[in-house]
Amino acid sequence: MRVVIIGAGLSGLFAAKTLDKLGHNTIMIEKGRSAGGRMATRRIGEGRADHGAQFFTVRSEELQKMTEDWLEKHWIKKWFGDDFPRYIGVEGMNPFIKKLSSSLSIELNERAVNISSGPIGVTVHTEKGEHYEGDAVILTAPVPQSLELLQKSPQLLNEENERLLKSISFKSCFTGLLSMKTPIQIGRSGIQSKDLPDGVDKIVANDQKGISAAPILSVYMSGDWSDSHFHLNDELVLEKLISTLPSSVTGQIDSSQLKRWRYSEANDVFRYPYMRLGPQPVYLAGDSFLTENDSSGRTRIESAILSGIRAGEAVASDLSNNI
Ligand SMILES: Cc1cc2nc3c(=O)[nH]c(=O)nc-3n(C[C@H](O)[C@H](O)[C@H](O)COP(=O)(O)OP(=O)(O)OC[C@H]3O[C@@H](n4cnc5c(N)ncnc54)[C@H](O)[C@@H]3O)c2cc1C
């Protein structure tokens, strides 16, 4: 059986890996130039900067086992924290994704624009006019983007499901990437998330973190600050972001760039790890779908991975039972 997966972020990758293991074919459709979604790393000159997720933590036994395997393969390393370790990609978060996804089929630069369903499966249509047919489809974009896609796909969305999906909203986030003339010490390990100027959520020194040969800071603005500046153009946002920082930092900036995240962290979550839309083989997964026993209640790397796995297992089970 073949399953089409929309989105090659963590949820999509883990859904694909799970289905692959259970003997199904998968094809992932990703609108971006590379896999990873919010696991993003940018090369800047001689350096590198993570500008989406910075690290992951582990609460479930399932992720703990995978983490031990990745540590052994030197794909990830512990950054800091003894009781509650923070793990990072050895060369950044996106290079870690490249390792995870190396054996999977991904069509990059392909944006899904609608989905049709027929008596024997589903077809995903893309902006470039391509069609991808499958026995089932899993949507893994942030919920508001999946909702938008479903609203353009007649027959698939009933009123109740539309109401449920509309209840999930996301905070935005601006990340400033500042190349520095000289290294700047940020906290003990290269991250500071307390005692920062208004509007700044955290600052990370990528060189101190151990992923960059050049001194580059990633400055994360808070959800409130980002939402209230989202209508402004990048140049103006970057200027305002830099103006929030102390002169000890601004005086050392060599060059700067901005990353705009429309969807960073969800304000609300579902308390189930995936959703099936009625009788059609159309499923939703992603970081807003939490496993029932998730004690954190937050969207994060772990919730995205576990949602992808649970959705992959459910699709495989439904396909083999013909439901
Ligand atoms: C700034 C920031 C900081 C964060 N920091 C942390 C952190 O430190 N620790 C942590 O645990 N989590 C953090 N997170 C959250 C974490 O990154 C996410 O929870 C996780 O990566 C989500 O994975 P996902 O697969 O659910 O979604 P995504 O990574 O968003 O993947 C969805 C994919 O779908 C693609 N897509 C969307 N629409 C379409 C379409 N129509 N057609 C084709 N493809 C489409 C997107 O391009 C994307 O690649 C952070 C997120 C951000 C933005």
# chains A, B, ... in the order shown; residues from 1 in each chain; ligands from 1

$ residues_near_ligand --ligand "ligand 1" --cutoff "7 Å" --atoms "only C-alpha atoms and all ligand atoms" --output "JSON, numbers by chain"
{"A": [6, 7, 8, 9, 10, 11, 12, 29, 30, 31, 32, 35, 36, 37, 38, 39, 51, 52, 53, 54, 55, 56, 57, 110, 111, 112, 113, 140, 141, 142, 145, 146, 149, 173, 175, 220, 261, 263, 264, 265, 286, 287, 299, 300, 301, 302, 303, 304]}

$ write_last_selection --atoms "C-alpha atoms" --output "CSV table (one decimal), in the first residue's frame"
chain,number,residue,atom,x,y,z
A,6,ILE,CA,2.2,16.1,3.4
A,7,GLY,CA,5.1,17.8,5.1
A,8,ALA,CA,8.6,16.5,5.8
A,9,GLY,CA,9.1,17.9,9.3
A,10,LEU,CA,9.6,15.5,12.3
A,11,SER,CA,6.0,14.2,12.3
A,12,GLY,CA,6.0,13.4,8.6
A,29,ILE,CA,5.5,16.1,-0.3
A,30,GLU,CA,7.4,19.1,1.1
A,31,LYS,CA,6.9,22.7,0.1
A,32,GLY,CA,10.3,23.7,1.3
A,35,ALA,CA,13.3,18.4,4.9
A,36,GLY,CA,13.0,19.4,8.6
A,37,GLY,CA,10.4,22.1,8.9
A,38,ARG,CA,10.9,23.9,12.2
A,39,MET,CA,14.2,21.9,12.7
A,51,HIS,CA,17.1,29.3,14.1
A,52,GLY,CA,14.1,27.1,14.8
A,53,ALA,CA,14.1,24.4,17.6
A,54,GLN,CA,17.3,24.7,19.7
A,55,PHE,CA,17.2,21.4,21.6
A,56,PHE,CA,15.0,18.6,22.7
A,57,THR,CA,14.1,17.0,26.0
A,110,GLU,CA,6.1,20.7,-3.9
A,111,ARG,CA,3.2,22.5,-2.2
A,112,ALA,CA,0.0,20.5,-1.7
A,113,VAL,CA,-3.0,22.7,-2.7
A,140,THR,CA,1.5,17.0,9.1
A,141,ALA,CA,1.7,20.7,8.6
A,142,PRO,CA,0.9,23.0,11.6
A,145,GLN,CA,-2.1,25.2,7.4
A,146,SER,CA,-3.7,21.7,7.3
A,149,LEU,CA,-5.7,22.8,2.7
A,173,CYS,CA,8.2,33.9,16.3
A,175,THR,CA,14.5,34.9,15.2
A,220,TYR,CA,14.3,34.6,19.8
A,261,TRP,CA,8.1,31.9,11.7
A,263,TYR,CA,3.8,29.0,13.3
A,264,SER,CA,6.1,28.4,16.2
A,265,GLU,CA,4.3,27.0,19.2
A,286,GLY,CA,1.9,17.0,14.0
A,287,ASP,CA,3.2,18.6,17.2
A,299,THR,CA,4.0,21.4,21.4
A,300,ARG,CA,7.6,20.4,21.0
A,301,ILE,CA,10.0,18.0,19.2
A,302,GLU,CA,8.9,15.0,21.3
A,303,SER,CA,5.2,15.6,20.6
A,304,ALA,CA,5.8,15.9,16.9

$ closest_atom_pairs --of "segment 82-118 of chain A" --to "segment 15-25 of chain A" --cutoff "9 Å" --atoms "only C-alpha atoms" --output "tab-separated table"
residue	atom	partner	partner_atom	distance
A:Ser101	CA	A:Lys17	CA	8.4
A:Ser103	CA	A:Lys17	CA	8.9
A:Leu104	CA	A:Ala16	CA	7.4
A:Ser105	CA	A:Ala16	CA	8.9

$ select_by_dssp --residues "segment 46-213 of chain A" --states "helix (DSSP H, G or I)" --output "MDAnalysis selection string"
chainID A and resid 61:72 93:100 143:151 159:166 206:209

$ closest_residue --among "A:Asn206, A:Ser256, A:Ser295, A:Ser218" --to "Glu91 of chain A" --atoms "only C-alpha atoms"
A:Asn206

$ atom_distance --atom1 "atom CA of Gly45 of chain A" --atom2 "atom CA of Asp234 of chain A"
20.7 Å

$ select_by_dssp --residues "segment 99-284 of chain A" --states "strand (DSSP E or B)" --output "PyMOL selection string"
chain A and resi 106-107+112-118+121-126+131-134+136-139+170-180+191-192+200-205+216-221+253-266+270+275-276+282-284

$ residues_around --residues "Val122 of chain A" --least-positions-apart "3" --cutoff "9 Å" --atoms "only C-alpha atoms" --output "PyMOL selection string"
chain A and resi 4+115-119+132-137+280-282

$ residues_around --residues "segment 188-204 of chain A" --least-positions-apart "5" --cutoff "7 Å" --atoms "only C-alpha atoms" --output "list in words"
Phe80, Lys209, Leu217, Ser218, Val219, Tyr220, Met221, Ser222, Trp225, Thr244 and Leu245 of chain A

$ closest_residue --among "A:Met1, A:Leu277, A:Met66, A:Leu177" --to "Arg42 of chain A" --atoms "only C-alpha atoms"
A:Leu177

$ residues_around --residues "Lys99 of chain A" --least-positions-apart "6" --cutoff "12 Å" --atoms "only C-alpha atoms" --output "list in words"
Leu13, Ala35, Gly36, Trp70, Lys73, His74, Trp75, Ile76, Gly89, Val90, Glu91, Gly92 and Met93 of chain A

$ residues_around --residues "Gly278 of chain A" --least-positions-apart "4" --cutoff "12 Å" --atoms "only C-alpha atoms" --output "list in words"
Gln155, Leu156, Leu157, Asn158, Glu159, Glu160, Asn161, Glu162, Val282, Tyr283, Leu284 and Ile323 of chain A

$ atom_distance --atom1 "atom CA of Ala205 of chain A" --atom2 "atom CA of Ser226 of chain A"
20.7 Å

$ closest_residue --among "A:Ser169, A:Thr250, A:Lys181, A:Arg2" --to "Phe270 of chain A" --atoms "only C-alpha atoms"
A:Ser169
